[in-house]
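Enquirer: File name query_16.tsv; file contents TSV, C-alpha atoms; full text below.
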chain	number	residue	atom	x	y	z
A	1	MET	CA	112.06	30.08	-13.75
A	2	ARG	CA	112.75	27.40	-11.14
A	3	GLU	CA	112.56	28.18	-7.42
A	4	ALA	CA	115.98	29.51	-6.32
A	5	ILE	CA	115.91	28.12	-2.78
A	6	PRO	CA	113.50	25.22	-2.16
A	7	LYS	CA	111.61	25.73	1.11
A	8	PRO	CA	112.97	22.55	2.83
A	9	LEU	CA	116.58	23.59	2.01
A	10	GLY	CA	115.93	27.12	3.36
A	11	ALA	CA	114.31	25.76	6.54
A	12	VAL	CA	117.11	23.24	7.22
A	13	THR	CA	119.75	25.95	6.59
A	14	LEU	CA	118.08	28.39	9.00
A	15	LEU	CA	117.70	25.69	11.65
A	16	CYS	CA	121.35	24.63	11.31
A	17	LEU	CA	122.57	28.25	11.49
A	18	LEU	CA	120.54	28.95	14.65
A	19	THR	CA	121.76	25.68	16.20
A	20	SER	CA	125.39	26.49	15.40
A	21	MET	CA	125.00	29.95	17.01
A	22	TYR	CA	123.53	28.26	20.11
A	23	LEU	CA	126.42	25.76	20.19
A	24	ILE	CA	129.05	28.51	19.78
A	25	PHE	CA	127.64	30.85	22.43
A	26	SER	CA	126.16	28.45	24.97
A	27	TRP	CA	127.42	24.90	24.60
A	28	VAL	CA	131.07	24.74	23.58
A	29	PRO	CA	133.63	25.14	26.42
A	30	THR	CA	135.65	28.36	26.65
A	31	GLU	CA	139.26	28.01	25.55
A	32	ALA	CA	141.70	28.34	28.48
A	33	SER	CA	144.31	30.83	27.21
A	34	MET	CA	142.36	33.21	24.91
A	35	GLY	CA	139.04	33.05	26.74
A	36	ILE	CA	135.73	34.02	25.19
A	37	VAL	CA	137.22	35.73	22.10
A	38	GLN	CA	138.42	32.32	20.83
A	39	ARG	CA	134.77	31.63	19.84
A	40	ILE	CA	135.45	33.76	16.74
A	41	PHE	CA	137.46	30.71	15.61
A	42	TYR	CA	134.30	28.79	14.65
A	43	ILE	CA	133.03	31.35	12.15
A	44	HIS	CA	136.55	32.40	11.02
A	45	VAL	CA	137.78	28.90	10.14
A	46	SER	CA	134.41	27.72	8.79
A	47	SER	CA	134.15	30.75	6.48
A	48	ALA	CA	137.64	30.02	5.12
A	49	ALA	CA	136.77	26.35	4.53
A	50	VAL	CA	133.54	27.28	2.71
A	51	ALA	CA	135.33	29.96	0.64
A	52	PHE	CA	138.06	27.48	-0.39
A	53	GLY	CA	135.47	24.84	-1.32
A	54	GLY	CA	133.46	27.48	-3.20
A	55	PHE	CA	136.46	28.66	-5.21
A	56	PHE	CA	137.22	25.05	-6.17
A	57	LEU	CA	133.61	24.55	-7.24
A	58	GLY	CA	133.77	27.79	-9.24
A	59	GLY	CA	137.03	26.67	-10.85
A	60	PHE	CA	135.65	23.26	-11.83
A	61	ALA	CA	132.51	24.91	-13.25
A	62	ALA	CA	134.81	27.23	-15.25
A	63	ILE	CA	136.72	24.23	-16.64
A	64	ALA	CA	133.37	22.60	-17.51
A	65	TYR	CA	132.39	25.82	-19.31
A	66	LEU	CA	135.65	25.92	-21.29
A	67	ALA	CA	135.09	22.27	-22.31
A	68	SER	CA	131.40	22.56	-23.22
A	69	ARG	CA	130.74	26.31	-23.83
A	70	ASN	CA	127.46	25.74	-22.00
A	71	ALA	CA	126.36	29.10	-20.49
A	72	THR	CA	124.78	27.43	-17.42
A	73	ARG	CA	128.30	26.30	-16.34
A	74	ASP	CA	129.40	29.94	-16.52
A	75	ASP	CA	126.37	30.92	-14.42
A	76	LEU	CA	127.39	28.36	-11.79
A	77	SER	CA	131.03	29.49	-11.89
A	78	VAL	CA	130.25	33.18	-11.31
A	79	ALA	CA	127.77	32.31	-8.56
A	80	CYS	CA	130.28	30.05	-6.75
A	81	ASN	CA	133.07	32.62	-7.03
A	82	GLU	CA	131.02	35.64	-5.97
A	83	VAL	CA	129.56	33.87	-2.92
A	84	GLY	CA	133.02	32.41	-2.20
A	85	LEU	CA	134.40	35.96	-2.12
A	86	LEU	CA	131.72	36.91	0.42
A	87	PHE	CA	132.90	34.09	2.71
A	88	ALA	CA	136.57	35.03	2.14
A	89	CYS	CA	135.73	38.61	3.24
A	90	VAL	CA	134.01	37.25	6.37
A	91	ASN	CA	137.15	35.19	7.06
A	92	LEU	CA	139.48	38.18	6.62
A	93	ILE	CA	137.39	40.60	8.73
A	94	THR	CA	136.73	38.13	11.57
A	95	GLY	CA	140.47	37.32	11.49
A	96	CYS	CA	141.35	41.00	11.98
A	97	LEU	CA	138.84	41.30	14.83
A	98	TRP	CA	140.30	38.20	16.48
A	99	ALA	CA	143.92	39.30	15.95
A	100	LYS	CA	143.50	42.66	17.68
A	101	PRO	CA	142.82	41.36	21.23
A	102	VAL	CA	145.16	38.34	20.82
A	103	TRP	CA	148.17	39.74	18.87
A	104	GLY	CA	147.65	43.43	19.69
A	105	VAL	CA	147.36	44.35	15.97
A	106	TYR	CA	144.61	43.96	13.40
A	107	TRP	CA	146.91	42.78	10.64
A	108	ALA	CA	150.33	41.19	10.14
A	109	TRP	CA	151.91	40.91	6.69
A	110	ASP	CA	152.73	37.22	7.09
A	111	ALA	CA	152.42	34.56	4.39
A	112	ARG	CA	148.99	33.22	5.45
A	113	LEU	CA	147.26	36.56	5.81
A	114	THR	CA	148.85	38.11	2.75
A	115	SER	CA	148.13	35.11	0.51
A	116	MET	CA	144.49	35.08	1.69
A	117	LEU	CA	144.18	38.80	0.94
A	118	LEU	CA	145.67	38.20	-2.53
A	119	LEU	CA	143.18	35.39	-3.13
A	120	ALA	CA	140.30	37.71	-2.24
A	121	LEU	CA	141.76	40.40	-4.54
A	122	ILE	CA	142.00	37.89	-7.44
A	123	TYR	CA	138.27	37.19	-7.09
A	124	ALA	CA	137.45	40.90	-6.68
A	125	ALA	CA	139.35	41.47	-9.95
A	126	TYR	CA	137.37	38.58	-11.49
A	127	LEU	CA	134.09	40.35	-10.66
A	128	ILE	CA	135.36	43.72	-11.98
A	129	LEU	CA	136.50	41.99	-15.18
A	130	ARG	CA	133.03	40.48	-15.58
A	131	GLN	CA	131.48	43.93	-15.47
A	132	SER	CA	133.95	45.38	-17.97
A	133	ILE	CA	133.61	42.90	-20.88
A	134	GLU	CA	130.46	43.44	-22.94
A	135	GLU	CA	130.47	40.43	-25.27
A	136	PRO	CA	129.01	37.44	-23.30
A	137	GLY	CA	131.10	34.69	-24.97
A	138	GLN	CA	134.40	36.53	-24.55
A	139	ARG	CA	133.49	37.54	-20.99
A	140	ALA	CA	132.76	33.93	-20.02
A	141	VAL	CA	136.04	32.61	-21.52
A	142	VAL	CA	138.28	35.31	-19.95
A	143	CYS	CA	136.57	34.94	-16.57
A	144	ALA	CA	136.82	31.14	-16.70
A	145	VAL	CA	140.59	31.44	-17.14
A	146	VAL	CA	140.83	33.85	-14.16
A	147	SER	CA	138.64	31.49	-12.13
A	148	VAL	CA	141.01	28.56	-12.80
A	149	PHE	CA	143.97	30.80	-11.87
A	150	GLY	CA	142.25	31.70	-8.57
A	151	MET	CA	141.51	28.04	-7.85
A	152	VAL	CA	145.22	27.20	-8.23
A	153	ASP	CA	146.00	29.83	-5.55
A	154	VAL	CA	143.75	28.12	-2.96
A	155	PRO	CA	146.21	25.30	-2.03
A	156	ILE	CA	149.01	27.90	-1.68
A	157	VAL	CA	146.92	29.84	0.87
A	158	TYR	CA	146.03	26.61	2.68
A	159	MET	CA	149.66	25.46	2.89
A	160	ALA	CA	151.15	28.91	3.64
A	161	ASN	CA	151.42	28.35	7.40
A	162	ARG	CA	153.06	24.96	6.82
A	163	TRP	CA	155.57	26.14	4.19
A	164	TRP	CA	156.58	29.45	5.80
A	165	ARG	CA	157.00	30.78	9.34
A	166	THR	CA	153.89	32.80	10.07
A	167	GLN	CA	152.33	34.68	12.95
A	168	HIS	CA	149.11	32.88	12.07
A	169	PRO	CA	148.84	29.74	14.27
A	170	ALA	CA	149.48	26.24	12.88
A	171	PRO	CA	146.36	24.41	11.70
A	172	VAL	CA	144.42	22.75	14.53
A	173	LEU	CA	143.00	20.06	12.26
A	174	GLY	CA	145.47	17.86	10.41
A	175	GLY	CA	148.41	19.99	11.50
A	176	GLY	CA	149.47	18.33	14.75
A	177	GLY	CA	147.29	20.55	16.97
A	178	SER	CA	144.81	19.16	19.48
A	179	LEU	CA	141.23	20.30	19.94
A	180	ASP	CA	138.61	19.35	22.53
A	181	PRO	CA	136.12	16.92	20.89
A	182	ARG	CA	133.25	19.34	21.62
A	183	MET	CA	135.14	22.13	19.90
A	184	THR	CA	135.81	19.86	16.91
A	185	PHE	CA	132.10	18.99	16.73
A	186	VAL	CA	131.02	22.65	16.85
A	187	LEU	CA	133.61	23.57	14.21
A	188	PHE	CA	132.35	20.88	11.80
A	189	PHE	CA	128.71	21.68	12.53
A	190	THR	CA	129.32	25.39	11.83
A	191	MET	CA	131.15	24.46	8.62
A	192	PHE	CA	128.17	22.33	7.55
A	193	SER	CA	125.70	25.15	8.37
A	194	LEU	CA	127.73	27.74	6.46
A	195	ALA	CA	128.10	25.31	3.53
A	196	LEU	CA	124.28	25.06	3.40
A	197	LEU	CA	124.04	28.87	3.50
A	198	TYR	CA	126.66	29.04	0.74
A	199	TRP	CA	124.65	26.68	-1.45
A	200	CYS	CA	121.40	28.67	-0.89
A	201	LEU	CA	123.18	31.90	-1.91
A	202	VAL	CA	124.79	30.20	-4.96
A	203	ARG	CA	121.39	28.97	-6.15
A	204	GLN	CA	119.96	32.47	-5.75
A	205	ARG	CA	122.92	34.07	-7.57
A	206	ARG	CA	122.86	31.47	-10.38
A	207	ASN	CA	119.16	32.16	-10.99
A	208	LEU	CA	119.93	35.87	-11.18
A	209	GLU	CA	122.61	35.24	-13.82
A	210	ALA	CA	120.13	33.19	-15.88
A	211	LEU	CA	117.55	35.99	-15.50
A	212	GLY	CA	120.17	38.47	-16.73
A	213	ARG	CA	120.82	36.33	-19.82
A	214	THR	CA	117.09	36.12	-20.60
A	215	THR	CA	116.83	39.92	-20.25
A	216	ASP	CA	119.82	40.47	-22.59
A	217	ALA	CA	118.34	38.11	-25.21
A	218	LEU	CA	114.98	39.87	-25.05
A	219	ARG	CA	116.69	43.29	-25.29
A	220	ARG	CA	118.45	42.14	-28.48
A	221	GLN	CA	115.08	40.98	-29.88
A	222	VAL	CA	113.53	44.40	-29.13
A	223	GLN	CA	116.50	46.19	-30.73
A	224	ALA	CA	116.31	43.93	-33.80
A	225	ALA	CA	112.58	44.56	-34.14
A	226	SER	CA	112.93	48.36	-33.96
B	1	MET	CA	136.61	39.06	29.83
B	2	GLU	CA	134.20	41.97	29.18
B	3	GLU	CA	136.92	43.75	27.20
B	4	ASN	CA	137.15	40.74	24.84
B	5	LEU	CA	133.38	40.37	24.57
B	6	LYS	CA	133.24	43.45	22.32
B	7	TRP	CA	135.57	41.76	19.79
B	8	LEU	CA	133.44	38.62	19.77
B	9	TRP	CA	130.31	40.74	19.33
B	10	ALA	CA	131.95	42.80	16.57
B	11	ALA	CA	133.15	39.72	14.64
B	12	PHE	CA	129.74	37.99	14.61
B	13	SER	CA	127.89	41.25	13.90
B	14	VAL	CA	130.12	42.02	10.90
B	15	ALA	CA	129.83	38.43	9.61
B	16	TRP	CA	126.02	38.47	9.69
B	17	ALA	CA	125.81	42.06	8.43
B	18	LEU	CA	127.85	41.05	5.36
B	19	HIS	CA	125.55	38.10	4.67
B	20	ILE	CA	122.38	40.12	5.17
B	21	GLY	CA	123.79	42.92	3.01
B	22	TYR	CA	124.60	40.44	0.24
B	23	VAL	CA	121.10	38.90	0.38
B	24	SER	CA	119.60	42.42	0.12
B	25	LEU	CA	121.88	43.16	-2.84
B	26	LEU	CA	120.72	39.96	-4.61
B	27	SER	CA	117.05	40.80	-3.93
B	28	GLY	CA	117.56	44.32	-5.31
B	29	ARG	CA	119.25	42.99	-8.48
B	30	ALA	CA	116.46	40.40	-8.94
B	31	ARG	CA	113.74	43.07	-8.60
B	32	LYS	CA	115.54	45.33	-11.10
B	33	LEU	CA	115.96	42.51	-13.66
B	34	GLU	CA	112.35	41.36	-13.26
B	35	GLY	CA	111.21	44.94	-13.88
B	36	GLN	CA	113.36	45.18	-17.03
B	37	LEU	CA	112.08	41.79	-18.23
B	38	LYS	CA	108.47	42.89	-17.76
B	39	ASN	CA	109.11	46.12	-19.72
B	40	LEU	CA	110.85	44.29	-22.57
B	41	ARG	CA	108.04	41.72	-22.83
B	42	ALA	CA	105.49	44.55	-22.95
B	43	GLN	CA	107.49	46.30	-25.71
B	44	LEU	CA	107.65	43.09	-27.77
B	45	LYS	CA	103.90	42.50	-27.31
B	46	GLU	CA	103.17	46.05	-28.49
B	47	ARG	CA	105.16	45.52	-31.68
B	48	ASP	CA	103.43	42.19	-32.38
Show the structure stored in the file as C-alpha coordinates.
Expert:
Amino acid sequence: MREAIPKPLGAVTLLCLLTSMYLIFSWVPTEASMGIVQRIFYIHVSSAAVAFGGFFLGGFAAIAYLASRNATRDDLSVACNEVGLLFACVNLITGCLWAKPVWGVYWAWDARLTSMLLLALIYAAYLILRQSIEEPGQRAVVCAVVSVFGMVDVPIVYMANRWWRTQHPAPVLGGGGSLDPRMTFVLFFTMFSLALLYWCLVRQRRNLEALGRTTDALRRQVQAAS
Amino acid sequence: MEENLKWLWAAFSVAWALHIGYVSLLSGRARKLEGQLKNLRAQLKERD
(Lines of atoms letter the chains of each structure in order from A and count residues from 1; the text may use other names and numbers.)
(Lines give C-alpha, C1' and ligand atoms only; values in the text may rest on other atoms or scores of the structure.)
Protein backbone atom coordinates (compact mmCIF):
# COMPACT_ATOMS: atom_id res chain seq x y z
CA MET A 1 0.00 0.00 0.00
CA ARG A 2 1.33 3.45 -0.91
CA GLU A 3 2.20 5.99 1.78
CA ALA A 4 -0.99 7.94 2.62
CA ILE A 5 0.69 11.26 3.44
CA PRO A 6 4.20 11.77 2.02
CA LYS A 7 6.50 13.27 4.65
CA PRO A 8 7.24 16.51 2.69
CA LEU A 9 3.48 17.14 2.22
CA GLY A 10 2.85 16.53 5.95
CA ALA A 11 5.72 18.82 6.97
CA VAL A 12 4.65 21.66 4.64
CA THR A 13 1.03 21.33 5.84
CA LEU A 14 2.04 21.50 9.51
CA LEU A 15 4.32 24.48 8.86
CA CYS A 16 1.58 26.34 6.95
CA LEU A 17 -1.01 25.63 9.66
CA LEU A 18 1.30 26.90 12.42
CA THR A 19 2.14 29.99 10.33
CA SER A 20 -1.53 30.73 9.68
CA MET A 21 -2.28 30.46 13.43
CA TYR A 22 0.60 32.90 14.11
CA LEU A 23 -0.73 35.30 11.44
CA ILE A 24 -4.31 35.12 12.80
CA PHE A 25 -3.40 35.64 16.45
CA SER A 26 -0.35 37.91 16.25
CA TRP A 27 0.05 39.60 12.89
CA VAL A 28 -3.28 40.56 11.33
CA PRO A 29 -4.84 43.84 12.57
CA THR A 30 -7.91 43.70 14.81
CA GLU A 31 -11.14 44.66 13.06
CA ALA A 32 -12.53 47.99 14.32
CA SER A 33 -16.22 47.23 15.01
CA MET A 34 -16.27 43.56 16.15
CA GLY A 35 -12.86 43.52 17.81
CA ILE A 36 -10.90 40.37 18.55
CA VAL A 37 -13.80 37.95 17.90
CA GLN A 38 -13.66 38.84 14.18
CA ARG A 39 -10.54 36.61 13.96
CA ILE A 40 -12.94 33.64 13.84
CA PHE A 41 -13.61 34.89 10.28
CA TYR A 42 -10.33 33.40 8.98
CA ILE A 43 -11.10 29.82 9.99
CA HIS A 44 -14.87 30.16 9.38
CA VAL A 45 -14.62 31.41 5.78
CA SER A 46 -11.61 29.23 4.91
CA SER A 47 -13.39 26.09 6.17
CA ALA A 48 -16.41 26.93 4.00
CA ALA A 49 -14.21 27.49 0.94
CA VAL A 50 -12.39 24.18 1.48
CA ALA A 51 -15.68 22.33 2.09
CA PHE A 52 -17.20 23.76 -1.13
CA GLY A 53 -14.08 22.85 -3.13
CA GLY A 54 -14.07 19.39 -1.54
CA PHE A 55 -17.72 18.73 -2.40
CA PHE A 56 -17.03 19.74 -6.01
CA LEU A 57 -14.04 17.40 -6.12
CA GLY A 58 -16.18 14.62 -4.63
CA GLY A 59 -18.90 15.31 -7.20
CA PHE A 60 -16.50 15.22 -10.14
CA ALA A 61 -14.96 11.99 -8.82
CA ALA A 62 -18.51 10.56 -8.59
CA ILE A 63 -19.20 11.53 -12.22
CA ALA A 64 -15.87 9.93 -13.20
CA TYR A 65 -16.97 6.77 -11.34
CA LEU A 66 -20.34 6.69 -13.12
CA ALA A 67 -18.54 7.05 -16.47
CA SER A 68 -15.78 4.49 -15.84
CA ARG A 69 -17.06 2.23 -13.00
CA ASN A 70 -13.49 2.37 -11.67
CA ALA A 71 -13.63 1.74 -7.88
CA THR A 72 -10.68 4.08 -7.19
CA ARG A 73 -12.86 7.02 -8.36
CA ASP A 74 -15.47 5.97 -5.79
CA ASP A 75 -12.73 5.83 -3.13
CA LEU A 76 -11.72 9.39 -4.02
CA SER A 77 -15.35 10.57 -4.04
CA VAL A 78 -16.16 9.22 -0.57
CA ALA A 79 -12.89 10.58 0.82
CA CYS A 80 -13.51 14.07 -0.63
CA ASN A 81 -17.11 14.15 0.62
CA GLU A 82 -16.40 12.85 4.12
CA VAL A 83 -13.51 15.28 4.70
CA GLY A 84 -15.61 18.04 3.08
CA LEU A 85 -18.33 17.35 5.65
CA LEU A 86 -15.76 17.74 8.43
CA PHE A 87 -14.86 21.21 7.12
CA ALA A 88 -18.57 22.10 6.69
CA CYS A 89 -19.13 21.18 10.37
CA VAL A 90 -16.18 23.38 11.38
CA ASN A 91 -17.74 26.21 9.33
CA LEU A 92 -21.17 25.77 10.95
CA ILE A 93 -19.88 25.52 14.54
CA THR A 94 -17.42 28.42 14.25
CA GLY A 95 -20.26 30.43 12.65
CA CYS A 96 -22.51 29.79 15.67
CA LEU A 97 -19.71 30.75 18.06
CA TRP A 98 -19.10 33.96 16.10
CA ALA A 99 -22.82 34.80 15.82
CA LYS A 100 -23.47 34.66 19.57
CA PRO A 101 -21.31 37.66 20.61
CA VAL A 102 -22.08 39.62 17.39
CA TRP A 103 -25.81 38.93 16.74
CA GLY A 104 -26.77 37.89 20.28
CA VAL A 105 -27.98 34.45 19.08
CA TYR A 106 -26.19 31.27 18.04
CA TRP A 107 -28.40 30.63 15.03
CA ALA A 108 -30.75 32.46 12.65
CA TRP A 109 -32.94 30.57 10.18
CA ASP A 110 -31.88 32.72 7.23
CA ALA A 111 -31.20 31.48 3.71
CA ARG A 112 -27.39 31.24 4.02
CA LEU A 113 -27.30 29.41 7.33
CA THR A 114 -30.21 27.12 6.53
CA SER A 115 -28.89 26.18 3.08
CA MET A 116 -25.45 25.43 4.57
CA LEU A 117 -27.06 23.23 7.24
CA LEU A 118 -29.03 21.41 4.51
CA LEU A 119 -25.84 20.88 2.53
CA ALA A 120 -24.17 19.32 5.57
CA LEU A 121 -27.24 17.13 6.14
CA ILE A 122 -27.15 15.93 2.49
CA TYR A 123 -23.57 14.73 3.02
CA ALA A 124 -24.41 13.22 6.42
CA ALA A 125 -27.20 11.30 4.65
CA TYR A 126 -24.67 10.29 1.97
CA LEU A 127 -22.43 8.72 4.64
CA ILE A 128 -25.37 6.94 6.33
CA LEU A 129 -26.48 5.62 2.92
CA ARG A 130 -22.97 4.27 2.34
CA GLN A 131 -23.16 2.28 5.55
CA SER A 132 -26.60 0.89 4.77
CA ILE A 133 -26.03 -0.60 1.27
CA GLU A 134 -24.17 -3.92 1.35
CA GLU A 135 -23.50 -4.58 -2.34
CA PRO A 136 -20.38 -2.52 -3.32
CA GLY A 137 -21.40 -1.79 -6.95
CA GLN A 138 -24.92 -0.65 -6.03
CA ARG A 139 -23.58 1.36 -3.07
CA ALA A 140 -21.09 3.20 -5.28
CA VAL A 141 -23.71 4.06 -7.95
CA VAL A 142 -26.37 5.30 -5.47
CA CYS A 143 -23.80 7.32 -3.51
CA ALA A 144 -22.36 8.82 -6.71
CA VAL A 145 -25.83 10.12 -7.61
CA VAL A 146 -26.26 11.65 -4.12
CA SER A 147 -22.78 13.16 -4.39
CA VAL A 148 -23.68 14.88 -7.68
CA PHE A 149 -26.93 16.12 -6.09
CA GLY A 150 -24.93 17.58 -3.17
CA MET A 151 -22.48 19.24 -5.54
CA VAL A 152 -25.37 21.00 -7.32
CA ASP A 153 -26.45 22.46 -3.94
CA VAL A 154 -23.05 24.14 -3.37
CA PRO A 155 -23.62 27.13 -5.74
CA ILE A 156 -27.06 27.69 -4.13
CA VAL A 157 -25.42 27.97 -0.68
CA TYR A 158 -22.72 30.26 -2.09
CA MET A 159 -25.23 32.57 -3.78
CA ALA A 160 -27.83 32.51 -0.95
CA ASN A 161 -26.74 35.84 0.57
CA ARG A 162 -26.80 37.48 -2.87
CA TRP A 163 -30.20 36.10 -3.95
CA TRP A 164 -32.08 36.54 -0.65
CA ARG A 165 -32.03 39.03 2.23
CA THR A 166 -30.07 37.36 5.01
CA GLN A 167 -28.77 38.17 8.45
CA HIS A 168 -25.48 36.68 7.30
CA PRO A 169 -23.24 39.52 6.03
CA ALA A 170 -22.62 40.10 2.30
CA PRO A 171 -19.48 38.42 0.94
CA VAL A 172 -16.30 40.40 1.60
CA LEU A 173 -14.53 39.00 -1.45
CA GLY A 174 -16.18 39.56 -4.81
CA GLY A 175 -19.32 40.96 -3.21
CA GLY A 176 -18.57 44.68 -3.06
CA GLY A 177 -17.08 44.55 0.46
CA SER A 178 -13.64 45.91 1.30
CA LEU A 179 -10.97 44.16 3.34
CA ASP A 180 -7.59 45.36 4.60
CA PRO A 181 -4.86 43.85 2.35
CA ARG A 182 -3.28 42.14 5.39
CA MET A 183 -6.62 40.56 6.25
CA THR A 184 -7.02 39.40 2.64
CA PHE A 185 -3.53 37.87 2.74
CA VAL A 186 -4.21 36.02 6.02
CA LEU A 187 -7.56 34.78 4.70
CA PHE A 188 -5.97 33.34 1.54
CA PHE A 189 -3.03 31.90 3.45
CA THR A 190 -5.39 30.17 5.92
CA MET A 191 -7.44 28.85 2.98
CA PHE A 192 -4.26 27.45 1.41
CA SER A 193 -3.18 25.84 4.72
CA LEU A 194 -6.59 24.25 5.29
CA ALA A 195 -6.65 23.07 1.65
CA LEU A 196 -3.33 21.27 2.30
CA LEU A 197 -4.79 19.74 5.48
CA TYR A 198 -7.87 18.71 3.49
CA TRP A 199 -5.73 16.96 0.89
CA CYS A 200 -3.70 15.11 3.58
CA LEU A 201 -6.93 13.86 5.19
CA VAL A 202 -8.40 12.87 1.79
CA ARG A 203 -5.30 10.82 0.98
CA GLN A 204 -5.53 9.09 4.35
CA ARG A 205 -9.26 8.41 3.95
CA ARG A 206 -8.85 7.18 0.34
CA ASN A 207 -6.19 4.69 1.46
CA LEU A 208 -8.54 3.45 4.16
CA GLU A 209 -11.28 2.85 1.58
CA ALA A 210 -8.84 0.86 -0.59
CA LEU A 211 -7.79 -1.14 2.49
CA GLY A 212 -11.46 -1.86 3.19
CA ARG A 213 -11.94 -3.16 -0.36
CA THR A 214 -8.90 -5.44 -0.05
CA THR A 215 -10.26 -6.78 3.26
CA ASP A 216 -13.71 -7.45 1.71
CA ALA A 217 -12.14 -9.29 -1.24
CA LEU A 218 -10.02 -11.43 1.07
CA ARG A 219 -13.05 -12.16 3.28
CA ARG A 220 -14.94 -13.41 0.20
CA GLN A 221 -11.95 -15.64 -0.68
CA VAL A 222 -11.94 -17.11 2.86
CA GLN A 223 -15.72 -17.70 2.71
CA ALA A 224 -15.41 -19.33 -0.72
CA ALA A 225 -12.61 -21.59 0.50
CA SER A 226 -14.55 -22.77 3.57
CA MET B 1 -12.58 42.47 24.91
CA GLU B 2 -12.01 39.69 27.48
CA GLU B 3 -15.68 38.69 27.19
CA ASN B 4 -15.20 38.11 23.44
CA LEU B 5 -11.90 36.28 23.90
CA LYS B 6 -13.78 33.23 25.19
CA TRP B 7 -15.73 32.97 21.90
CA LEU B 8 -12.53 33.20 19.88
CA TRP B 9 -10.93 30.55 22.10
CA ALA B 10 -14.02 28.32 21.87
CA ALA B 11 -14.21 28.57 18.05
CA PHE B 12 -10.56 27.63 17.47
CA SER B 13 -10.63 24.92 20.15
CA VAL B 14 -13.71 23.28 18.61
CA ALA B 15 -12.23 23.54 15.09
CA TRP B 16 -8.99 21.80 16.09
CA ALA B 17 -10.76 19.30 18.34
CA LEU B 18 -12.91 18.21 15.38
CA HIS B 19 -9.85 17.75 13.18
CA ILE B 20 -7.90 15.87 15.85
CA GLY B 21 -10.96 13.72 16.59
CA TYR B 22 -11.32 12.87 12.90
CA VAL B 23 -7.62 11.95 12.58
CA SER B 24 -7.99 9.67 15.63
CA LEU B 25 -11.09 8.10 14.07
CA LEU B 26 -9.18 7.41 10.83
CA SER B 27 -6.24 5.90 12.75
CA GLY B 28 -8.62 3.67 14.71
CA ARG B 29 -10.36 2.48 11.52
CA ALA B 30 -6.97 1.82 9.86
CA ARG B 31 -5.75 -0.23 12.84
CA LYS B 32 -8.99 -2.26 12.88
CA LEU B 33 -8.81 -2.98 9.12
CA GLU B 34 -5.12 -3.90 9.29
CA GLY B 35 -5.91 -6.34 12.11
CA GLN B 36 -8.74 -7.92 10.07
CA LEU B 37 -6.48 -8.13 7.00
CA LYS B 38 -3.76 -9.88 9.02
CA ASN B 39 -6.30 -12.40 10.40
CA LEU B 40 -7.77 -13.13 6.97
CA ARG B 41 -4.31 -13.64 5.43
CA ALA B 42 -3.43 -16.04 8.26
CA GLN B 43 -6.69 -17.98 7.70
CA LEU B 44 -5.98 -18.27 3.95
CA LYS B 45 -2.40 -19.42 4.63
CA GLU B 46 -3.68 -22.10 7.04
CA ARG B 47 -6.04 -23.48 4.39
CA ASP B 48 -3.29 -23.54 1.75
Enquirer: With distances taken over only C-alpha atoms, which of A:Val102, A:Leu117, A:Ala217, A:Leu9 is nearest to Pro136 in chain A?
Expert: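 When distances to Pro136 in chain A are compared using only C-alpha atoms, the smallest one comes from A:Ala217.
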Enquirer: Determine which residues of chain B sit within 6 Å of chain A, taking into account all atoms listed in the file, and present them as an MDAnalysis selection string.
Expert: chainID B and resid 4 7:8 11 15 37
Enquirer: Just to confirm, what's the straight-line distance from CA of Ala32 in chain A to CA of Leu179 in chain A in Å (one decimal)?
Expert: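 Value for the CA of Ala32 in chain A-CA of Leu179 in chain A distance: 11.7 Å.
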Enquirer: Set the distance at 12 Å and use all atoms listed in the file: which residues neighbour Ser147 in chain A once local chain neighbours fewer than 6 positions away are removed? I'd like the list as an MDAnalysis selection string.
Expert: chainID A and resid 54:66 74 76:82 84:85 119:120 122:127 129:130 139:141 153:154
Enquirer: Please measure the separation of CA of Cys143 in chain A and CA of Glu3 in chain A, giving the value in Å to one decimal.
Expert: 26.6 Å
Enquirer: What is the distance, in Å and to one decimal place, between CA of Trp107 in chain A and CA of Ser33 in chain A?
Expert: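 So the answer is 20.6 Å.
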Enquirer: Pick out the residues sitting within 10 Å of Arg165 in chain A, and hand them over as an MDAnalysis selection string; count only C-alpha atoms, and ignore anything fewer than 4 positions along from it in its own chain.
Expert: chainID A and resid 110:112 160:161 169:170
Enquirer: Select, from A:Ile133, A:Val105, A:Val186, A:Val142, the residue with the minimum atom-to-atom distance to Tyr22 in chain A, counting only C-alpha atoms.
Expert: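 With only C-alpha atoms as the atom set, the closest residue is A:Val186.
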